[in-house]
file my_file.txt (compact mmCIF, C-alpha atoms)
# COMPACT_ATOMS: atom_id res chain seq x y z
CA MET I 104 192.57 104.71 -167.99
CA ALA I 105 188.99 105.16 -169.20
CA ILE I 106 186.01 107.42 -168.58
CA LYS I 107 182.32 106.58 -168.49
CA VAL I 108 179.59 109.22 -168.46
CA ALA I 109 176.14 107.81 -167.62
CA GLN I 110 173.06 109.53 -166.21
CA GLN I 111 175.13 112.75 -166.13
CA LYS I 112 177.62 111.15 -163.73
CA LEU I 113 181.34 110.66 -164.35
CA THR I 114 183.19 107.42 -163.55
CA VAL I 115 186.94 106.98 -164.03
CA TYR I 116 188.51 103.54 -164.44
CA ALA I 117 192.24 103.36 -163.61
CA PRO I 118 194.71 100.76 -162.32
CA PHE I 119 195.08 100.86 -158.53
CA TYR I 120 198.73 101.90 -158.77
CA VAL I 121 198.04 105.14 -160.71
CA PRO I 122 198.37 108.11 -158.34
CA GLN I 123 195.46 110.51 -157.88
CA THR I 124 197.55 113.44 -159.16
CA GLU I 125 198.09 111.66 -162.48
CA ILE I 126 194.36 110.88 -162.75
CA ASP I 127 193.46 114.52 -162.02
CA ALA I 128 195.92 115.77 -164.63
CA TRP I 129 194.56 113.33 -167.21
CA LEU I 130 190.96 114.36 -166.43
CA LYS I 131 191.81 118.00 -167.11
CA THR I 132 192.68 117.05 -170.69
CA LYS I 133 189.21 115.46 -171.06
CA GLN I 134 187.15 118.31 -169.60
CA ASP I 135 185.66 119.48 -172.90
CA TRP I 136 184.63 115.96 -173.90
CA VAL I 137 183.09 115.24 -170.49
CA ALA I 138 181.14 118.52 -170.57
CA GLU I 139 179.86 117.72 -174.05
CA GLN I 140 178.64 114.24 -172.99
CA ILE I 141 176.90 115.58 -169.87
CA ALA I 142 175.21 118.30 -171.92
CA LYS I 143 173.95 115.74 -174.45
CA GLN I 144 172.55 113.53 -171.71
CA SER I 145 170.92 116.52 -170.05
CA ILE I 146 169.14 117.42 -173.30
CA HIS I 147 168.03 113.81 -173.70
CA ALA I 148 166.64 113.70 -170.15
CA GLU I 149 164.74 116.95 -170.68
CA ARG I 150 163.14 115.79 -173.93
CA ARG I 151 161.98 112.34 -172.82
CA GLN I 152 158.29 111.75 -172.19
CA LEU I 153 157.01 111.81 -168.62
CA PRO I 154 153.70 109.89 -168.78
CA LEU I 155 153.28 109.62 -164.98
CA VAL I 156 153.70 113.38 -164.61
CA ASN I 157 151.96 114.69 -167.72
CA ALA I 158 149.31 111.94 -168.01
CA THR I 159 149.94 111.56 -171.72
CA ILE I 160 151.98 109.35 -174.04
CA LYS I 161 152.62 109.48 -177.76
CA LEU I 162 151.35 106.56 -179.83
CA PHE I 163 152.32 106.65 -183.50
CA GLY I 164 153.10 110.35 -183.18
CA GLN I 165 149.76 111.31 -181.60
CA ASN I 166 149.19 112.31 -177.97
CA VAL I 167 147.13 109.79 -176.01
CA PRO I 168 145.67 111.04 -172.69
CA ILE I 169 146.13 108.68 -169.74
CA VAL I 170 143.83 108.12 -166.76
CA PHE I 171 145.32 106.33 -163.74
CA ALA I 172 142.62 104.34 -162.00
CA LYS I 173 142.05 101.63 -159.38
CA GLY I 174 140.46 98.32 -160.26
CA THR I 175 140.18 94.70 -159.21
CA LYS I 176 143.07 93.66 -161.47
CA SER I 177 145.88 95.25 -163.45
CA THR I 178 144.77 95.94 -167.00
CA TRP I 179 144.44 98.69 -169.57
CA GLN I 180 141.55 99.92 -171.70
CA GLN I 181 141.39 102.40 -174.57
CA ASP I 182 138.06 103.98 -175.46
CA ALA I 183 136.72 105.19 -178.79
CA HIS I 184 138.22 108.64 -178.20
CA ALA I 185 141.71 107.10 -177.80
CA GLN I 186 141.87 107.85 -174.07
CA LEU I 187 143.92 105.20 -172.26
CA THR I 188 142.91 104.06 -168.77
CA LEU I 189 145.39 102.10 -166.68
CA PHE I 190 143.84 100.07 -163.86
CA ILE I 191 145.76 98.63 -160.91
CA SER I 192 144.58 97.28 -157.56
CA SER I 193 144.80 99.66 -154.61
CA ARG I 194 146.52 96.82 -152.72
CA VAL I 195 149.42 96.73 -155.17
CA LYS I 196 152.75 98.05 -153.90
CA HIS I 197 155.03 100.19 -156.07
CA GLN I 198 152.08 101.66 -157.94
CA GLU I 199 154.15 103.90 -160.22
CA ALA I 200 156.20 100.93 -161.41
CA ASN I 201 153.01 98.98 -162.05
CA TYR I 202 151.46 101.81 -164.03
CA LEU I 203 154.62 102.00 -166.16
CA ALA I 204 154.56 98.23 -166.69
CA LEU I 205 150.97 98.45 -167.92
CA LEU I 206 151.86 101.35 -170.18
CA GLU I 207 154.71 99.35 -171.71
CA GLN I 208 152.35 96.42 -172.21
CA PHE I 209 149.94 98.69 -174.08
CA LEU I 210 152.66 100.21 -176.28
CA HIS I 211 154.25 96.81 -176.92
CA GLU I 212 150.95 95.34 -178.11
CA LYS I 213 150.18 98.30 -180.38
CA LEU I 214 153.67 98.44 -181.90
CA GLU I 215 153.91 94.68 -182.39
CA SER I 216 150.55 94.60 -184.18
CA TYR I 217 151.52 97.46 -186.49
CA ILE I 218 154.99 96.10 -187.30
CA GLU I 219 153.65 92.60 -188.01
CA MET I 220 151.25 94.13 -190.53
CA ARG I 221 153.90 96.31 -192.20
CA VAL I 222 156.51 93.52 -192.31
CA HIS I 223 153.98 91.36 -194.14
CA ASP I 224 153.15 94.19 -196.57
CA TYR I 225 156.76 95.08 -197.33
CA CYS I 226 157.85 91.45 -197.68
CA LEU I 227 155.30 91.10 -200.48
CA GLN I 228 156.58 94.28 -202.14
CA MET I 229 160.24 93.27 -201.76
CA SER I 230 159.66 89.63 -202.80
CA GLU I 231 161.24 88.67 -199.50
CA ALA I 232 160.39 85.66 -197.34
CA LEU I 233 158.97 86.53 -193.94
CA PRO I 234 161.51 86.73 -191.11
CA THR I 235 161.69 83.76 -188.76
CA LYS I 236 160.88 85.86 -185.70
CA LEU I 237 159.78 89.37 -184.74
CA LYS I 238 160.62 90.82 -181.32
CA ILE I 239 160.00 94.11 -179.55
CA GLN I 240 162.42 95.18 -176.83
CA HIS I 241 164.26 98.13 -175.32
CA TYR I 242 167.36 99.35 -177.14
CA LYS I 243 169.51 102.26 -176.02
CA ARG I 244 171.34 103.03 -179.25
CA ARG I 245 169.51 101.37 -182.13
CA TRP I 246 166.03 101.31 -183.59
CA GLY I 247 166.16 97.78 -184.91
CA SER I 248 168.37 94.81 -185.63
CA CYS I 249 168.58 91.80 -187.92
CA ASN I 250 170.68 88.66 -187.47
CA LYS I 251 171.75 85.74 -189.66
CA ARG I 252 168.88 83.63 -188.29
CA ARG I 253 166.51 86.10 -190.02
CA GLU I 254 165.21 87.38 -186.69
CA LEU I 255 164.15 91.03 -186.59
CA THR I 256 164.03 93.08 -183.40
CA PHE I 257 162.54 96.57 -183.04
CA ASN I 258 162.94 99.19 -180.33
CA LEU I 259 159.84 99.58 -178.15
CA HIS I 260 160.27 103.37 -178.18
CA LEU I 261 159.29 103.34 -181.87
CA ALA I 262 155.70 103.05 -180.62
CA SER I 263 155.77 106.83 -180.09
CA ALA I 264 157.13 107.62 -183.57
CA PRO I 265 154.97 108.52 -186.57
CA THR I 266 154.03 105.50 -188.66
CA TRP I 267 155.99 106.74 -191.69
CA VAL I 268 159.15 106.66 -189.57
CA ILE I 269 158.37 103.16 -188.28
CA ASP I 270 157.89 102.04 -191.89
CA TYR I 271 161.42 103.22 -192.69
CA VAL I 272 162.88 101.14 -189.83
CA VAL I 273 160.90 98.12 -191.07
CA VAL I 274 162.28 98.48 -194.60
CA HIS I 275 165.79 99.10 -193.23
CA GLU I 276 165.77 95.83 -191.27
CA LEU I 277 164.13 93.84 -194.08
CA ALA I 278 166.86 95.06 -196.43
CA HIS I 279 169.39 93.51 -194.05
CA LEU I 280 167.92 90.09 -194.80
CA LEU I 281 169.64 90.35 -198.19
CA HIS I 282 172.56 92.60 -197.27
CA MET I 283 173.96 92.18 -193.74
CA ASN I 284 175.88 95.47 -194.00
CA HIS I 285 175.41 99.11 -194.96
CA SER I 286 176.91 98.85 -198.42
CA ALA I 287 175.82 100.79 -201.49
CA LYS I 288 173.67 97.81 -202.53
CA PHE I 289 171.97 97.85 -199.14
CA TRP I 290 171.05 101.54 -199.39
CA GLN I 291 169.95 101.05 -202.98
CA ARG I 292 167.49 98.39 -201.80
CA VAL I 293 166.24 100.61 -198.96
CA GLY I 294 165.77 103.52 -201.39
CA GLN I 295 163.94 101.33 -203.88
CA PHE I 296 161.19 100.51 -201.38
CA TYR I 297 161.41 103.60 -199.16
CA PRO I 298 162.56 106.56 -201.30
CA ASN I 299 162.33 109.10 -198.42
CA TYR I 300 164.65 107.12 -196.12
CA LYS I 301 166.98 110.11 -195.62
CA LYS I 302 164.07 112.20 -194.33
CA ALA I 303 163.14 109.45 -191.88
CA GLU I 304 166.74 109.11 -190.70
CA GLN I 305 166.95 112.86 -190.13
CA TRP I 306 163.70 112.76 -188.15
CA LEU I 307 165.05 110.04 -185.88
CA LYS I 308 168.30 111.96 -185.29
CA ALA I 309 166.38 115.14 -184.44
CA HIS I 310 163.50 113.65 -182.44
CA GLY I 311 164.62 110.18 -181.36
CA SER I 312 165.39 111.23 -177.78
CA SER I 313 161.82 112.50 -177.36
CA LEU I 314 160.40 108.99 -177.95
CA SER I 315 161.69 107.53 -174.68
CA TRP I 316 159.86 107.68 -171.37
call {"tool": "encode", "arguments": {"input": "my_file.txt", "output": "structure tokens"}}
result
Amino acid sequence: MAIKVAQQKLTVYAPFYVPQTEIDAWLKTKQDWVAEQIAKQSIHAERRQLPLVNATIKLFGQNVPIVFAKGTKSTWQQDAHAQLTLFISSRVKHQEANYLALLEQFLHEKLESYIEMRVHDYCLQMSEALPTKLKIQHYKRRWGSCNKRRELTFNLHLASAPTWVIDYVVVHELAHLLHMNHSAKFWQRVGQFYPNYKKAEQWLKAHGSSLSW
């Protein structure tokens, strides 16, 4: 038998022949663990950003006010005072989903531009060849990844983190180009080019859940 806790809901997986009484008895032994998982997910849900409700989003650790507007086409604009305006047509259905899509487009573009710049800078410092590909996408449980094809992927939610934290994730993934593990040599290379990596890791553990939206 197995348990899954997602979105503060409990699902039990058991063979069809297992009687309900046995499942209930087994669940009682897992009550503390289930309660702990639900509590963690509740905290995560409370800390996430709500841009459609609060009309603000964090970009590189700074609050960016959002204006939701109607226009002839779906697009975004950011003025000299950093205010972000999201335009969608009044004829568009599912307006909230479209506003979120535009917001993700904005954050994706900003994060990708910053990471491309910092990857280039750190590759020069680390005497490392540029990766073959850079991607930005949603991850649930990781901030970045590196594979044997020298492709680096970064979590879109990093767009809301301070730049010094993003820099740590960049160095972390670039270090994997030489060491595809978390060995002592890997951490030595991370520390050589990002001495405060422990501080950045602690920040992500403490504040990572507040970066999602």
call {"tool": "residues_around", "arguments": {"input": "my_file.txt", "residues": "Met229 of chain I", "least_positions_apart": "3", "cutoff": "9 Å", "atoms": "only C-alpha atoms", "output": "list in words"}}
result
Asp224, Tyr225, Cys226, Ala232, Leu277, Ala278, Arg292 and Phe296 of chain I
call {"tool": "write_last_selection", "arguments": {"input": "my_file.txt", "atoms": "C-alpha atoms", "output": "mmCIF file, keeping the file's coordinate frame"}}
result
data_model
loop_
_atom_site.group_PDB
_atom_site.id
_atom_site.type_symbol
_atom_site.label_atom_id
_atom_site.label_comp_id
_atom_site.auth_asym_id
_atom_site.auth_seq_id
_atom_site.Cartn_x
_atom_site.Cartn_y
_atom_site.Cartn_z
ATOM 1 C CA ASP I 224 153.150 94.190 -196.570
ATOM 2 C CA TYR I 225 156.760 95.080 -197.330
ATOM 3 C CA CYS I 226 157.850 91.450 -197.680
ATOM 4 C CA ALA I 232 160.390 85.660 -197.340
ATOM 5 C CA LEU I 277 164.130 93.840 -194.080
ATOM 6 C CA ALA I 278 166.860 95.060 -196.430
ATOM 7 C CA ARG I 292 167.490 98.390 -201.800
ATOM 8 C CA PHE I 296 161.190 100.510 -201.380
#
call {"tool": "closest_residue", "arguments": {"input": "my_file.txt", "among": "I:Val272, I:Val195, I:Ala105, I:Arg221", "to": "Pro118 of chain I", "atoms": "all atoms listed in the file"}}
result
I:Ala105
call {"tool": "residues_around", "arguments": {"input": "my_file.txt", "residues": "Met220 of chain I", "least_positions_apart": "2", "cutoff": "12 Å", "atoms": "all atoms listed in the file", "output": "MDAnalysis selection string"}}
result
chainID I and resid 213:218 222:227 233 237 266 269:270 273
call {"tool": "closest_atom_pairs", "arguments": {"input": "my_file.txt", "of": "segment 118-196 of chain I", "to": "segment 248-260 of chain I", "cutoff": "12 Å", "atoms": "only C-alpha atoms", "output": "tab-separated table"}}
result
residue	atom	partner	partner_atom	distance
I:Arg151	CA	I:His260	CA	10.6
I:Gln152	CA	I:His260	CA	10.5
I:Ile160	CA	I:His260	CA	11.0
I:Lys161	CA	I:His260	CA	9.8
I:Leu162	CA	I:His260	CA	9.6
I:Phe163	CA	I:His260	CA	10.1
I:Gly164	CA	I:His260	CA	11.2
call {"tool": "write_last_selection", "arguments": {"input": "my_file.txt", "atoms": "C-alpha atoms", "output": "mmCIF file, in the coordinates of the input"}}
result
data_model
loop_
_atom_site.group_PDB
_atom_site.id
_atom_site.type_symbol
_atom_site.label_atom_id
_atom_site.label_comp_id
_atom_site.auth_asym_id
_atom_site.auth_seq_id
_atom_site.Cartn_x
_atom_site.Cartn_y
_atom_site.Cartn_z
ATOM 1 C CA ARG I 151 161.980 112.340 -172.820
ATOM 2 C CA GLN I 152 158.290 111.750 -172.190
ATOM 3 C CA ILE I 160 151.980 109.350 -174.040
ATOM 4 C CA LYS I 161 152.620 109.480 -177.760
ATOM 5 C CA LEU I 162 151.350 106.560 -179.830
ATOM 6 C CA PHE I 163 152.320 106.650 -183.500
ATOM 7 C CA GLY I 164 153.100 110.350 -183.180
#
call {"tool": "axis_aligned_box", "arguments": {"input": "my_file.txt", "around": "segment 232-236 of chain I", "padding_each_side": "5 Å", "output": "AutoDock Vina command-line options"}}
result
--center_x 160.3 --center_y 85.2 --center_z -191.5 --size_x 12.7 --size_y 13.0 --size_z 21.6
call {"tool": "closest_residue", "arguments": {"input": "my_file.txt", "among": "I:Lys131, I:Gln208, I:Ser193, I:Gln198", "to": "Trp179 of chain I", "atoms": "all atoms listed in the file"}}
result
I:Gln208
call {"tool": "atom_distance", "arguments": {"input": "my_file.txt", "atom1": "atom CA of Lys243 of chain I", "atom2": "atom CA of Thr114 of chain I"}}
result
19.2 Å
call {"tool": "closest_residue", "arguments": {"input": "my_file.txt", "among": "I:Pro234, I:Trp306, I:Arg194, I:Phe119", "to": "Lys173 of chain I", "atoms": "only C-alpha atoms"}}
result
I:Arg194
call {"tool": "atom_distance", "arguments": {"input": "my_file.txt", "atom1": "atom CA of Glu212 of chain I", "atom2": "atom CA of Gly174 of chain I"}}
result
20.9 Å
call {"tool": "residues_around", "arguments": {"input": "my_file.txt", "residues": "Glu304 of chain I", "least_positions_apart": "2", "cutoff": "12 Å", "atoms": "only C-alpha atoms", "output": "PyMOL selection string"}}
result
chain I and resi 245-246+267-272+275+293+297-302+306-311
call {"tool": "residues_around", "arguments": {"input": "my_file.txt", "residues": "Lys176 of chain I", "least_positions_apart": "6", "cutoff": "12 Å", "atoms": "all atoms listed in the file", "output": "PyMOL selection string"}}
result
chain I and resi 189-195+201-202+205
call {"tool": "write_last_selection", "arguments": {"input": "my_file.txt", "atoms": "C-alpha atoms", "output": "tab-separated table (two decimals), in the coordinates of the input"}}
result
chain	number	residue	atom	x	y	z
I	189	LEU	CA	145.39	102.10	-166.68
I	190	PHE	CA	143.84	100.07	-163.86
I	191	ILE	CA	145.76	98.63	-160.91
I	192	SER	CA	144.58	97.28	-157.56
I	193	SER	CA	144.80	99.66	-154.61
I	194	ARG	CA	146.52	96.82	-152.72
I	195	VAL	CA	149.42	96.73	-155.17
I	201	ASN	CA	153.01	98.98	-162.05
I	202	TYR	CA	151.46	101.81	-164.03
I	205	LEU	CA	150.97	98.45	-167.92
call {"tool": "residues_around", "arguments": {"input": "my_file.txt", "residues": "Tyr116 of chain I", "least_positions_apart": "4", "cutoff": "9 Å", "atoms": "all atoms listed in the file", "output": "VMD selection string"}}
result
chain I and resid 104 to 107
call {"tool": "write_last_selection", "arguments": {"input": "my_file.txt", "atoms": "C-alpha atoms", "output": "mmCIF file, keeping the file's coordinate frame"}}
result
data_model
loop_
_atom_site.group_PDB
_atom_site.id
_atom_site.type_symbol
_atom_site.label_atom_id
_atom_site.label_comp_id
_atom_site.auth_asym_id
_atom_site.auth_seq_id
_atom_site.Cartn_x
_atom_site.Cartn_y
_atom_site.Cartn_z
ATOM 1 C CA MET I 104 192.570 104.710 -167.990
ATOM 2 C CA ALA I 105 188.990 105.160 -169.200
ATOM 3 C CA ILE I 106 186.010 107.420 -168.580
ATOM 4 C CA LYS I 107 182.320 106.580 -168.490
#
call {"tool": "closest_residue", "arguments": {"input": "my_file.txt", "among": "I:His211, I:Lys288, I:Lys133, I:His184", "to": "Ser263 of chain I", "atoms": "all atoms listed in the file"}}
result
I:His211
call {"tool": "atom_distance", "arguments": {"input": "my_file.txt", "atom1": "atom CA of Gly247 of chain I", "atom2": "atom CA of Ser230 of chain I"}}
result
20.7 Å
